[in-house]
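Visitor: One structure is given below, represented as structure tokens, and several questions about it will come after.
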Amino acid sequence: MNWKYSLYFIIPLSILSCKSSINESENIKQLLEKESATWRSGDSKAHANCWHIQPYSKILSSNSDGQTYDVPPNKMVEISENKIAPGGSSVNTNYKISINKKTAWVSHDEISTSKDGKKTYSHEIRLLEKIDKEWKLVGQSIHAYKTE
């Protein structure tokens, strides 16, 4: 076997594999940014489009006082305009992403600012699946915390 020519074909495939993973990470980040933005803008249709509820979907949330909520997953796609948090903004940081073919989990931190300027801080874990070539949220766990 001629190693010189074998290495020539292996190296480009490795580079393509890394680039594909980077693109998938960016696609996931864009989806999560869209989901956060549509929640705050009150765009329930666009927000619902970020989700694909599965029989095993789970939404767990806790507030900064430690109260825990097991939110029915369908609430993420069946929200009415008056049940969504219109106004304000959010910033997601500290993304850590694990992708395994058509599934992914992401952890990140979020600072949400309501339209009256109140900030909420949370640690979030998001569960995603690739459905029809697009990443969709299938579950999440969000835990608000106090900074003081």
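To be explicit about the labels: the chains of the structure tokens are called A, B, and onward in the order shown, and within each one the residues are counted from 1, while ligands get numbers from 1 in the order they are shown.
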Select from range 22-49 of chain A every residue with an atom at most 9 Å from any atom of range 90-100 of chain A, then for each give the shortest pair of atoms and their distance in Å to one decimal, using only C-alpha atoms, rows by chain and rising number, as a Markdown table.
Guide:
| residue | atom | partner | partner_atom | distance |
| --- | --- | --- | --- | --- |
| A:Glu24 | CA | A:Ile99 | CA | 8.1 |
| A:Ser25 | CA | A:Ile97 | CA | 6.9 |
| A:Ile28 | CA | A:Ile97 | CA | 8.7 |
| A:Lys29 | CA | A:Tyr95 | CA | 8.1 |
| A:Leu32 | CA | A:Asn92 | CA | 8.5 |
| A:Glu33 | CA | A:Asn92 | CA | 7.4 |
| A:Ser36 | CA | A:Ser90 | CA | 6.7 |
| A:Ala37 | CA | A:Ser90 | CA | 7.1 |
| A:Arg40 | CA | A:Ser90 | CA | 8.1 |
Visitor: Find the residues near Gly87 in chain A: any atom within 7 Å, counting only C-alpha atoms, skip ones fewer than 5 places away on the same chain, and give them as a list in words.
Guide: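 Counting only the stated atoms, we get Arg40, Ser41, Ser114 and Lys115 of chain A.
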Visitor: Report as an MDAnalysis selection string: the residues of chain A with a DSSP assignment of strand (DSSP E), based on the backbone of this structure.
Guide: chainID A and resid 59:62 68:71 89:100 103:113 119:131 134:145
Visitor: Check chain A with DSSP on the backbone and list each residue it calls helix (DSSP H, G or I), as a PyMOL selection string.
Guide: chain A and resi 3-41+44-48+73-76+81-83
Visitor: Identify, on the basis of only C-alpha atoms, every residue whose closest approach to range 66-70 of chain A does not exceed 10 Å; exclude the query and any residue fewer than 2 positions from it along the same chain; express the result as an mmCIF file with C-alpha atoms, in the first residue's frame.
Guide:
data_model
loop_
_atom_site.group_PDB
_atom_site.id
_atom_site.type_symbol
_atom_site.label_atom_id
_atom_site.label_comp_id
_atom_site.auth_asym_id
_atom_site.auth_seq_id
_atom_site.Cartn_x
_atom_site.Cartn_y
_atom_site.Cartn_z
ATOM 1 C CA LYS A 58 -40.375 16.762 28.726
ATOM 2 C CA ILE A 59 -40.311 20.393 29.860
ATOM 3 C CA LEU A 60 -39.008 20.997 33.379
ATOM 4 C CA SER A 61 -38.595 24.460 34.792
ATOM 5 C CA SER A 62 -37.747 25.929 38.164
ATOM 6 C CA ASN A 63 -37.915 29.529 39.288
ATOM 7 C CA SER A 64 -35.301 31.320 41.376
ATOM 8 C CA PRO A 72 -47.005 19.889 29.467
ATOM 9 C CA PRO A 73 -44.900 19.823 26.262
ATOM 10 C CA SER A 141 -34.889 21.895 31.460
ATOM 11 C CA ILE A 142 -34.637 25.534 32.569
ATOM 12 C CA HIS A 143 -33.505 26.626 36.021
ATOM 13 C CA ALA A 144 -33.633 30.265 37.044
ATOM 14 C CA TYR A 145 -31.250 31.485 39.725
#
Visitor: For each of A:Tyr56, A:Trp105, A:Ser44, A:Met76, take the minimum atom-to-atom distance to Leu127 in chain A, counting only C-alpha atoms, then give the residue where this is smallest.
Guide: A:Trp105
Visitor: May I have the residues within 8 Å of Tyr121 in chain A as an MDAnalysis selection string, using only C-alpha atoms and disregarding those fewer than 6 positions away in the same chain?
Guide: chainID A and resid 109:112 144:147
Visitor: Determine the nearest neighbour of Thr38 in chain A from the options A:Leu137, A:Ser89, A:Gly117, A:Glu78, counting only C-alpha atoms.
Guide: A:Ser89
Visitor: Just the residues within 12 Å of Glu129 in chain A, please, counting only C-alpha atoms, with nothing from its chain fewer than 3 positions along; format it as number ranges by chain.
Guide: A: 24, 28, 31, 50-54, 57, 98-106, 126, 132-139
Visitor: Could you tell me how far CA of Ile22 in chain A sits from CA of Thr120 in chain A, in Å to one decimal place?
Guide: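 Those two atoms sit 29.5 Å apart.
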